[in-house]
$ cat query-v9.cif   # mmCIF, C-alpha atoms
data_data
loop_
_atom_site.label_atom_id
_atom_site.label_comp_id
_atom_site.auth_asym_id
_atom_site.auth_seq_id
_atom_site.Cartn_x
_atom_site.Cartn_y
_atom_site.Cartn_z
CA MET A 475 -0.37 -29.58 30.65
CA GLY A 476 3.30 -28.67 30.66
CA HIS A 477 3.19 -25.26 28.96
CA SER A 478 3.86 -21.87 30.46
CA HIS A 479 2.20 -18.50 30.00
CA GLY A 480 4.14 -15.36 29.22
CA PRO A 481 6.30 -13.99 26.47
CA VAL A 482 7.30 -16.22 23.58
CA ALA A 483 10.59 -17.96 24.23
CA PRO A 484 13.52 -16.41 22.41
CA ALA A 485 14.84 -18.15 19.33
CA ASP A 486 18.05 -20.16 19.63
CA ARG A 487 21.32 -18.62 18.46
CA ARG A 488 21.51 -20.74 15.30
CA THR A 489 18.10 -19.52 14.17
CA VAL A 490 19.01 -15.89 14.85
CA TRP A 491 22.22 -16.19 12.81
CA ALA A 492 20.38 -17.92 9.97
CA VAL A 493 17.81 -15.10 9.84
CA LEU A 494 20.55 -12.45 9.99
CA ALA A 495 22.37 -14.17 7.14
CA VAL A 496 19.34 -13.46 4.96
CA ILE A 497 18.17 -10.09 6.30
CA VAL A 498 21.54 -8.27 6.42
CA PRO A 499 22.46 -8.87 2.74
CA LEU A 500 18.93 -7.86 1.73
CA ALA A 501 19.19 -4.64 3.72
CA ILE A 502 22.62 -3.82 2.26
CA ALA A 503 21.48 -4.55 -1.29
CA THR A 504 18.39 -2.38 -0.80
CA LEU A 505 20.45 0.49 0.60
CA VAL A 506 22.91 0.34 -2.30
CA ALA A 507 20.06 0.26 -4.82
CA LEU A 508 18.41 3.25 -3.13
CA VAL A 509 21.63 5.25 -3.42
CA VAL A 510 22.15 4.29 -7.08
CA LEU A 511 18.54 4.95 -8.11
CA TRP A 512 17.94 8.01 -5.94
CA PRO A 513 16.61 10.76 -8.23
CA GLY A 514 18.29 14.10 -8.67
CA ASP A 515 16.48 17.35 -9.29
CA VAL A 516 13.32 16.54 -11.27
CA SER A 517 11.95 20.10 -11.22
CA LYS A 518 12.90 20.53 -14.87
CA ALA A 519 10.52 17.75 -15.84
CA GLN A 520 7.63 19.41 -14.04
CA GLU A 521 5.35 21.87 -15.76
CA PRO A 522 5.28 25.39 -14.24
CA GLN A 523 2.26 25.89 -12.01
CA LEU A 524 0.09 28.95 -11.70
CA PRO A 525 0.30 30.64 -8.27
CA GLU A 526 -2.39 29.41 -5.88
CA LEU A 527 -3.99 31.69 -3.31
CA LYS A 528 -6.36 30.83 -0.48
CA GLY A 529 -9.37 32.94 0.42
CA THR A 530 -13.01 33.08 1.44
CA ILE A 531 -15.95 33.87 -0.81
CA THR A 532 -17.83 36.92 0.43
CA SER A 533 -20.37 37.23 -2.39
CA ILE A 534 -21.32 35.62 -5.69
CA SER A 535 -22.66 37.40 -8.78
CA GLN A 536 -23.51 35.28 -11.82
CA GLU A 537 -20.25 33.64 -12.99
CA THR A 538 -17.87 35.52 -10.68
CA ALA A 539 -17.21 35.64 -6.98
CA THR A 540 -15.71 38.17 -4.63
CA VAL A 541 -12.94 36.44 -2.71
CA GLU A 542 -11.25 37.89 0.34
CA LEU A 543 -7.61 36.77 0.18
CA SER A 544 -6.57 38.74 3.24
CA ARG A 545 -7.98 41.47 5.45
CA PHE A 546 -7.06 44.20 2.98
CA HIS A 547 -6.98 42.25 -0.30
CA THR A 548 -10.13 41.28 -2.20
CA VAL A 549 -10.34 40.09 -5.81
CA ARG A 550 -13.01 39.15 -8.33
CA ALA A 551 -12.53 35.58 -9.53
CA LEU A 552 -14.20 33.59 -12.28
CA LEU A 553 -16.24 30.58 -11.18
CA PRO A 554 -15.95 27.23 -13.01
CA THR A 555 -18.90 26.58 -15.31
CA ALA A 556 -18.02 23.25 -16.94
CA PRO A 557 -20.43 20.33 -16.39
CA GLY A 558 -19.67 18.53 -13.15
CA SER A 559 -17.76 21.48 -11.68
CA ALA A 560 -17.91 22.14 -7.95
CA THR A 561 -20.56 24.52 -6.65
CA PHE A 562 -19.74 27.39 -4.31
CA ALA A 563 -21.59 29.56 -1.79
CA ASP A 564 -20.92 32.57 0.40
CA GLY A 565 -18.47 31.77 3.19
CA ASP A 566 -16.76 28.88 1.37
CA GLU A 567 -12.99 28.65 1.74
CA VAL A 568 -11.56 28.31 -1.76
CA ILE A 569 -8.35 28.11 -3.78
CA VAL A 570 -7.88 30.88 -6.34
CA LEU A 571 -5.52 30.72 -9.33
CA ASP A 572 -3.62 33.83 -10.35
CA LEU A 573 -3.81 33.62 -14.16
CA GLN A 574 -0.90 36.07 -14.49
CA ASP A 575 -2.87 38.43 -16.74
CA GLY A 576 -4.62 40.44 -14.04
CA THR A 577 -7.50 37.97 -13.70
CA TYR A 578 -8.24 35.26 -11.16
CA ALA A 579 -10.22 32.02 -11.20
CA VAL A 580 -11.67 29.88 -8.42
CA SER A 581 -10.30 26.37 -8.96
CA ASP A 582 -11.56 24.34 -6.01
CA HIS A 583 -12.62 24.24 -2.39
CA ASP A 584 -9.87 24.66 0.20
CA ARG A 585 -10.05 21.38 2.13
CA SER A 586 -7.04 21.99 4.37
CA SER A 587 -9.01 22.39 7.60
CA SER A 588 -11.31 19.43 7.03
CA MET A 589 -8.44 17.12 6.01
CA TRP A 590 -6.38 18.11 9.05
CA LEU A 591 -9.37 17.39 11.29
CA LEU A 592 -9.94 14.00 9.66
CA GLY A 593 -6.23 13.20 9.98
CA ALA A 594 -6.26 14.15 13.66
CA ALA A 595 -9.35 11.99 14.27
CA PHE A 596 -7.67 9.07 12.50
CA ALA A 597 -4.48 9.44 14.55
CA LEU A 598 -6.39 9.72 17.84
CA ALA A 599 -8.47 6.63 17.06
CA VAL A 600 -5.37 4.60 16.18
CA ILE A 601 -3.45 5.73 19.27
CA ALA A 602 -6.45 5.31 21.60
CA PHE A 603 -6.89 1.69 20.57
CA GLY A 604 -3.35 0.65 19.69
CA ARG A 605 -1.48 2.79 22.26
CA TRP A 606 2.27 2.29 21.71
CA ARG A 607 1.63 -0.08 18.80
CA GLY A 608 -0.68 2.55 17.31
CA LEU A 609 2.13 5.13 17.50
CA THR A 610 4.51 2.79 15.72
CA ALA A 611 1.87 2.09 13.08
CA LEU A 612 1.52 5.83 12.42
CA ALA A 613 5.31 6.13 12.22
CA GLY A 614 5.35 3.32 9.68
CA LEU A 615 2.65 5.04 7.67
CA ALA A 616 4.68 8.26 7.64
CA ILE A 617 7.77 6.38 6.45
CA THR A 618 5.77 4.71 3.68
CA PHE A 619 4.44 8.02 2.37
CA GLY A 620 7.88 9.57 2.74
CA LEU A 621 9.56 6.92 0.58
CA LEU A 622 6.78 7.06 -2.01
CA LEU A 623 6.98 10.85 -2.29
CA THR A 624 10.75 11.27 -2.06
CA PHE A 625 11.98 8.20 -3.92
CA VAL A 626 9.43 6.16 -5.90
CA LEU A 627 7.54 8.94 -7.68
CA PRO A 628 10.55 11.25 -8.34
CA ALA A 629 12.68 8.32 -9.54
CA ILE A 630 10.04 7.27 -12.07
CA LEU A 631 9.70 10.88 -13.25
CA ALA A 632 13.49 11.04 -13.59
CA GLY A 633 13.39 8.21 -16.11
CA ARG A 634 14.40 5.27 -13.92
CA SER A 635 12.86 1.87 -14.68
CA PRO A 636 9.44 1.86 -12.97
CA LEU A 637 9.71 -1.86 -12.24
CA LEU A 638 13.17 -1.57 -10.65
CA VAL A 639 12.13 1.51 -8.66
CA ALA A 640 9.02 -0.27 -7.39
CA VAL A 641 10.97 -3.36 -6.30
CA VAL A 642 13.61 -1.32 -4.47
CA GLY A 643 11.02 1.03 -2.97
CA ALA A 644 8.85 -1.87 -1.80
CA ALA A 645 11.86 -3.61 -0.25
CA ALA A 646 12.88 -0.43 1.57
CA ILE A 647 9.35 0.16 2.86
CA MET A 648 9.08 -3.44 3.98
CA LEU A 649 12.45 -3.53 5.76
CA ILE A 650 11.89 -0.25 7.61
CA VAL A 651 8.18 -0.25 8.32
CA LEU A 652 7.77 -3.84 9.51
CA TYR A 653 10.57 -3.46 12.06
CA VAL A 654 9.33 -0.04 13.20
CA THR A 655 5.77 -1.28 13.56
CA HIS A 656 6.31 -4.77 14.96
CA GLY A 657 9.74 -4.56 16.56
CA VAL A 658 13.04 -6.29 15.83
CA SER A 659 12.45 -10.01 16.34
CA VAL A 660 12.69 -13.34 14.57
CA PRO A 661 8.92 -13.45 13.75
CA THR A 662 9.17 -9.97 12.19
CA SER A 663 12.23 -11.03 10.19
CA VAL A 664 10.38 -14.12 8.98
CA ALA A 665 7.52 -11.88 7.86
CA VAL A 666 10.01 -9.67 5.99
CA ILE A 667 11.56 -12.65 4.18
CA GLY A 668 8.14 -14.13 3.38
CA THR A 669 6.95 -10.79 2.03
CA LEU A 670 10.02 -10.38 -0.17
CA VAL A 671 9.75 -13.90 -1.63
CA SER A 672 6.02 -13.49 -2.29
CA LEU A 673 6.61 -10.04 -3.78
CA GLY A 674 9.23 -11.48 -6.12
CA LEU A 675 6.78 -14.17 -7.22
CA THR A 676 4.12 -11.51 -7.78
CA GLY A 677 6.53 -9.50 -9.93
CA VAL A 678 7.42 -12.49 -12.13
CA LEU A 679 3.76 -13.45 -12.55
CA SER A 680 2.90 -9.84 -13.36
CA MET A 681 5.46 -9.68 -16.16
CA LEU A 682 4.19 -12.96 -17.63
CA ALA A 683 0.52 -11.99 -17.33
CA ILE A 684 1.02 -8.55 -18.89
CA ASP A 685 2.93 -10.10 -21.76
CA TRP A 686 0.34 -12.84 -22.32
CA ALA A 687 -2.55 -10.37 -22.20
CA HIS A 688 -0.70 -7.84 -24.44
CA LEU A 689 -1.38 -4.99 -22.01
CA THR A 690 0.35 -1.66 -22.64
CA GLY A 691 -0.51 0.04 -19.35
CA VAL A 692 -2.42 2.79 -21.19
CA SER A 693 -6.01 2.66 -20.00
CA ASP A 694 -6.95 6.29 -19.32
CA ASP A 695 -5.92 9.88 -20.02
CA SER A 696 -3.45 9.96 -17.12
CA SER A 697 -1.41 6.97 -18.30
CA TRP A 698 -1.53 8.21 -21.91
CA LEU A 699 -0.25 11.64 -20.81
CA LEU A 700 2.60 10.10 -18.81
CA GLY A 701 3.60 7.93 -21.75
CA THR A 702 3.52 10.67 -24.38
CA ASN A 703 4.58 13.84 -22.56
CA TYR A 704 7.00 12.38 -20.01
CA GLN A 705 8.24 9.35 -21.96
CA ILE A 706 7.48 7.00 -19.05
CA ASN A 707 7.26 3.28 -19.78
CA THR A 708 3.55 2.71 -19.11
CA GLN A 709 3.92 -1.07 -19.16
CA GLY A 710 6.61 -0.82 -16.51
CA LEU A 711 4.40 1.61 -14.61
CA LEU A 712 1.63 -1.00 -14.59
CA LEU A 713 4.08 -3.57 -13.20
CA ALA A 714 5.18 -1.09 -10.55
CA SER A 715 1.61 -0.37 -9.50
CA ILE A 716 0.89 -4.09 -9.07
CA ILE A 717 3.98 -4.56 -6.88
CA ILE A 718 3.33 -1.49 -4.72
CA GLY A 719 -0.35 -2.37 -4.41
CA SER A 720 0.41 -5.96 -3.43
CA LEU A 721 2.85 -4.96 -0.70
CA GLY A 722 0.20 -3.54 1.61
CA VAL A 723 -1.84 -6.76 1.68
CA LEU A 724 1.16 -9.09 1.63
CA ASP A 725 2.73 -7.71 4.79
CA ASP A 726 -0.61 -8.06 6.57
CA VAL A 727 -0.76 -11.77 5.69
CA THR A 728 2.90 -12.53 6.40
CA VAL A 729 2.95 -10.76 9.76
CA THR A 730 -0.25 -12.56 10.77
CA GLN A 731 1.10 -15.98 9.78
CA SER A 732 4.45 -15.44 11.49
CA ALA A 733 2.77 -14.23 14.69
CA THR A 734 0.29 -17.13 14.58
CA VAL A 735 3.08 -19.70 14.42
CA ALA A 736 4.93 -18.00 17.29
CA GLU A 737 1.80 -17.94 19.45
CA LEU A 738 1.01 -21.59 18.69
CA ALA A 739 4.57 -22.58 19.59
CA HIS A 740 4.24 -20.72 22.88
CA ALA A 741 0.77 -22.10 23.66
CA ASN A 742 1.91 -25.66 23.05
CA PRO A 743 5.65 -26.41 23.14
CA GLY A 744 4.81 -29.98 22.10
CA TYR A 745 4.08 -29.01 18.51
CA THR A 746 6.66 -30.03 15.94
CA ALA A 747 7.44 -27.83 12.93
CA ARG A 748 5.01 -29.88 10.83
CA GLN A 749 2.22 -29.51 13.38
CA LEU A 750 2.85 -25.78 13.64
CA TYR A 751 2.71 -25.46 9.86
CA ARG A 752 -0.55 -27.39 9.54
CA ALA A 753 -2.27 -25.53 12.38
CA ALA A 754 -1.19 -22.06 11.23
CA THR A 755 -2.09 -22.85 7.61
CA ARG A 756 -5.67 -23.48 8.68
CA VAL A 757 -5.71 -20.00 10.19
CA GLY A 758 -4.17 -18.64 6.99
CA ARG A 759 -6.86 -20.18 4.80
CA ALA A 760 -9.56 -18.36 6.75
CA HIS A 761 -7.59 -15.12 6.53
CA ILE A 762 -7.04 -15.47 2.78
CA ALA A 763 -10.75 -16.14 2.16
CA SER A 764 -11.69 -12.81 3.74
CA VAL A 765 -8.79 -10.86 2.20
CA ILE A 766 -9.68 -11.99 -1.34
CA ASN A 767 -13.21 -10.68 -0.89
CA THR A 768 -11.74 -7.43 0.44
CA ILE A 769 -9.54 -7.05 -2.65
CA VAL A 770 -12.43 -7.61 -5.05
CA LEU A 771 -14.67 -5.15 -3.21
CA ALA A 772 -11.87 -2.56 -3.07
CA TYR A 773 -11.35 -2.74 -6.84
CA ALA A 774 -15.10 -2.68 -7.46
CA GLY A 775 -15.52 0.39 -5.27
CA ALA A 776 -12.65 2.23 -6.95
CA SER A 777 -13.97 1.34 -10.41
CA LEU A 778 -17.66 1.98 -9.70
CA PRO A 779 -18.06 4.83 -12.26
CA LEU A 780 -16.46 2.64 -14.93
CA LEU A 781 -18.71 -0.30 -14.02
CA LEU A 782 -21.75 1.97 -14.30
CA LEU A 783 -20.68 3.15 -17.77
CA ILE A 784 -20.18 -0.45 -18.88
CA SER A 785 -23.60 -1.35 -17.53
CA ILE A 786 -25.23 1.54 -19.41
CA GLY A 787 -23.47 0.56 -22.64
CA ASN A 788 -24.99 -2.95 -22.63
CA GLU A 789 -21.80 -4.42 -24.11
CA PRO A 790 -21.43 -8.22 -24.21
CA LEU A 791 -19.71 -9.55 -21.10
CA GLY A 792 -16.93 -11.15 -23.14
CA GLU A 793 -15.99 -7.84 -24.77
CA VAL A 794 -16.10 -6.05 -21.43
CA LEU A 795 -13.77 -8.53 -19.72
CA THR A 796 -11.26 -8.55 -22.57
CA GLY A 797 -11.20 -4.78 -23.07
CA PRO A 798 -7.92 -3.09 -22.04
CA VAL A 799 -9.37 -1.22 -19.05
CA VAL A 800 -11.13 -4.15 -17.36
CA ALA A 801 -8.48 -6.67 -18.43
CA GLN A 802 -5.80 -4.58 -16.76
CA GLU A 803 -7.71 -4.53 -13.47
CA LEU A 804 -8.42 -8.27 -13.71
CA VAL A 805 -4.72 -9.02 -14.24
CA ARG A 806 -3.85 -6.75 -11.33
CA SER A 807 -6.27 -8.49 -8.95
CA ILE A 808 -5.57 -12.05 -10.17
CA VAL A 809 -1.79 -11.76 -9.96
CA GLY A 810 -1.98 -10.00 -6.61
CA THR A 811 -4.25 -12.72 -5.24
CA ILE A 812 -1.95 -15.51 -6.43
CA GLY A 813 0.98 -13.83 -4.71
CA LEU A 814 -1.15 -13.43 -1.61
CA VAL A 815 -2.11 -17.11 -1.57
CA ALA A 816 1.54 -18.11 -2.01
CA ALA A 817 2.57 -15.93 0.94
CA VAL A 818 0.70 -18.16 3.40
CA PRO A 819 2.58 -21.44 2.92
CA ILE A 820 5.91 -19.67 2.32
CA THR A 821 5.79 -17.57 5.49
CA THR A 822 4.20 -20.30 7.59
CA ALA A 823 6.89 -22.81 6.62
CA LEU A 824 9.69 -20.35 7.42
CA ALA A 825 8.10 -19.45 10.75
CA ALA A 826 7.59 -23.10 11.68
CA LEU A 827 11.24 -23.85 10.98
CA THR A 828 12.41 -20.97 13.19
CA CYS A 829 10.14 -22.15 16.04
CA ARG A 830 11.07 -25.81 15.90
CA GLY A 831 13.95 -25.29 18.31
CA ARG A 832 11.49 -24.11 20.92
CA ALA A 833 9.07 -27.00 20.38
CA ARG A 834 9.62 -30.10 22.44
CA PRO A 835 8.09 -33.17 20.72
CA GLY A 836 6.23 -35.64 22.82
CA ARG A 837 4.33 -33.14 24.95
CA ASP A 838 0.57 -33.43 25.17
CA VAL A 839 -1.46 -30.98 23.14
CA PRO A 840 -3.73 -28.84 25.33
CA GLU A 841 -7.33 -29.58 24.45
CA ARG A 842 -8.21 -25.87 24.26
CA THR A 843 -5.36 -25.18 21.84
CA ARG A 844 -6.32 -28.19 19.71
CA ASP A 845 -9.87 -26.89 19.46
CA LEU A 846 -8.70 -23.42 18.43
CA VAL A 847 -6.51 -24.57 15.56
CA THR A 848 -8.77 -27.33 14.25
CA GLY A 849 -12.11 -25.67 14.67
#
$ encode --input "query-v9.cif" --output "structure tokens"
Amino acid sequence: MGHSHGPVAPADRRTVWAVLAVIVPLAIATLVALVVLWPGDVSKAQEPQLPELKGTITSISQETATVELSRFHTVRALLPTAPGSATFADGDEVIVLDLQDGTYAVSDHDRSSSMWLLGAAFALAVIAFGRWRGLTALAGLAITFGLLLTFVLPAILAGRSPLLVAVVGAAAIMLIVLYVTHGVSVPTSVAVIGTLVSLGLTGVLSMLAIDWAHLTGVSDDSSWLLGTNYQINTQGLLLASIIIGSLGVLDDVTVTQSATVAELAHANPGYTARQLYRAATRVGRAHIASVINTIVLAYAGASLPLLLLISIGNEPLGEVLTGPVVAQELVRSIVGTIGLVAAVPITTALAALTCRGRARPGRDVPERTRDLVTG
């Protein structure tokens, strides 16, 4: 059949330099933007918090509980009585607020132990299945959370443009995490470029859609509080949330498409760039079909209480869909999906062009490979 088995052939020097000519300026621009936008001390913008103590409930009497904070320190703490408040029992580990007037109040369950156990189970499952790749995936996850907590959120609180912060933060996450997780290679670089282009398209469409739909970004108490008390641009915050939310799905699609093209080029060196594009696009269509359903179900699951309230209210469907809360989620999902769909042809075309130097036209197509990409 004329094709070998083993690692994918390395890209030619011209392809590597072409990819570097795009990636290096992007990385430098992202680094400069991070330095310029990096927030200073935002502690002044934060409201003072009441001291939190951890303890164990030893007994409950009516609306108070005896909480053992340490071996020699026990306090009486008020229990929450508002509708929907958590319920407590003897032996529960809880968080107690020191109200600074000699009284204490139980605020919530202490979930530290259970969350650490769940986190450990998650890490073990990922490492057991993914091995070294699982470790790199966990490292990428840690970097993502680190950038969100140290740059994106503090920068927005410091008054930076939410849209600009989201774009720079997303670019930084993408450039670091994709290389950490998938290694430094031409297919990974193609995925990075495809993600960035698709993310830019998503950002432009988001701005247009929000303007056309006259959305303000205020849809609940949290966004209203941020807009009034902290003077944060809620419309920009909505744009930022769409960009950050789209990044997670976009890099999945772009990495898959880039890897698919590379594997097809290795499995059949006879494929031209056009053949690689057409074959990998068929794989991408199947992937997109499942991802779109995933997005819809994810939004439906997150908005289930709201959907139930709408159902109880018996409002006309037209009013429900055009209301600010539902309209905002529809715009978020529609724009994100369009960007996701665009990522397939963009990344596939770039990957096919980088693999064309390794394809040798005129070779016969293995029947098994032809069945895989056409079936």
$ residues_around --input "query-v9.cif" --residues "A:Asp695" --least-positions-apart "6" --cutoff "12 Å" --atoms "all atoms listed in the file" --output "ChimeraX atom specification"
/A:701-703,708,799
$ write_last_selection --input "query-v9.cif" --atoms "C-alpha atoms" --output "PDB file, in the frame of the given file"
ATOM      1  CA  GLY A 701       3.600   7.930 -21.750  1.00  0.00           C
ATOM      2  CA  THR A 702       3.520  10.670 -24.380  1.00  0.00           C
ATOM      3  CA  ASN A 703       4.580  13.840 -22.560  1.00  0.00           C
ATOM      4  CA  THR A 708       3.550   2.710 -19.110  1.00  0.00           C
ATOM      5  CA  VAL A 799      -9.370  -1.220 -19.050  1.00  0.00           C
TER       6      VAL A 799
END
$ closest_residue --input "query-v9.cif" --among "A:Val735, A:Ala563, A:Leu771, A:Ala640" --to "A:Leu713" --atoms "only C-alpha atoms"
A:Ala640
$ atom_distance --input "query-v9.cif" --atom1 "atom CA of A:Leu652" --atom2 "atom CA of A:Ile601"
17.7 Å
$ atom_distance --input "query-v9.cif" --atom1 "atom CA of A:Gly674" --atom2 "atom CA of A:Gly813"
8.7 Å
$ residues_around --input "query-v9.cif" --residues "stretch 779-796 of chain A" --least-positions-apart "5" --cutoff "12 Å" --atoms "all atoms listed in the file" --output "JSON, numbers by chain"
{"A": [687, 688, 689, 693, 694, 773, 774, 801, 802, 803, 804, 805]}
$ residues_around --input "query-v9.cif" --residues "A:Ala616" --least-positions-apart "5" --cutoff "12 Å" --atoms "all atoms listed in the file" --output "PyMOL selection string"
chain A and resi 597+609-611+621-624+647+650-651+654-655
$ write_last_selection --input "query-v9.cif" --atoms "C-alpha atoms" --output "CSV table (one decimal), in the frame of the given file"
chain,number,residue,atom,x,y,z
A,597,ALA,CA,-4.5,9.4,14.6
A,609,LEU,CA,2.1,5.1,17.5
A,610,THR,CA,4.5,2.8,15.7
A,611,ALA,CA,1.9,2.1,13.1
A,621,LEU,CA,9.6,6.9,0.6
A,622,LEU,CA,6.8,7.1,-2.0
A,623,LEU,CA,7.0,10.8,-2.3
A,624,THR,CA,10.8,11.3,-2.1
A,647,ILE,CA,9.4,0.2,2.9
A,650,ILE,CA,11.9,-0.2,7.6
A,651,VAL,CA,8.2,-0.2,8.3
A,654,VAL,CA,9.3,0.0,13.2
A,655,THR,CA,5.8,-1.3,13.6
$ residues_around --input "query-v9.cif" --residues "A:Ser535" --least-positions-apart "2" --cutoff "10 Å" --atoms "all atoms listed in the file" --output "list in words"
Ser533, Glu537, Thr538, Ala539, Thr540, Arg550, Leu552 and Leu553 of chain A
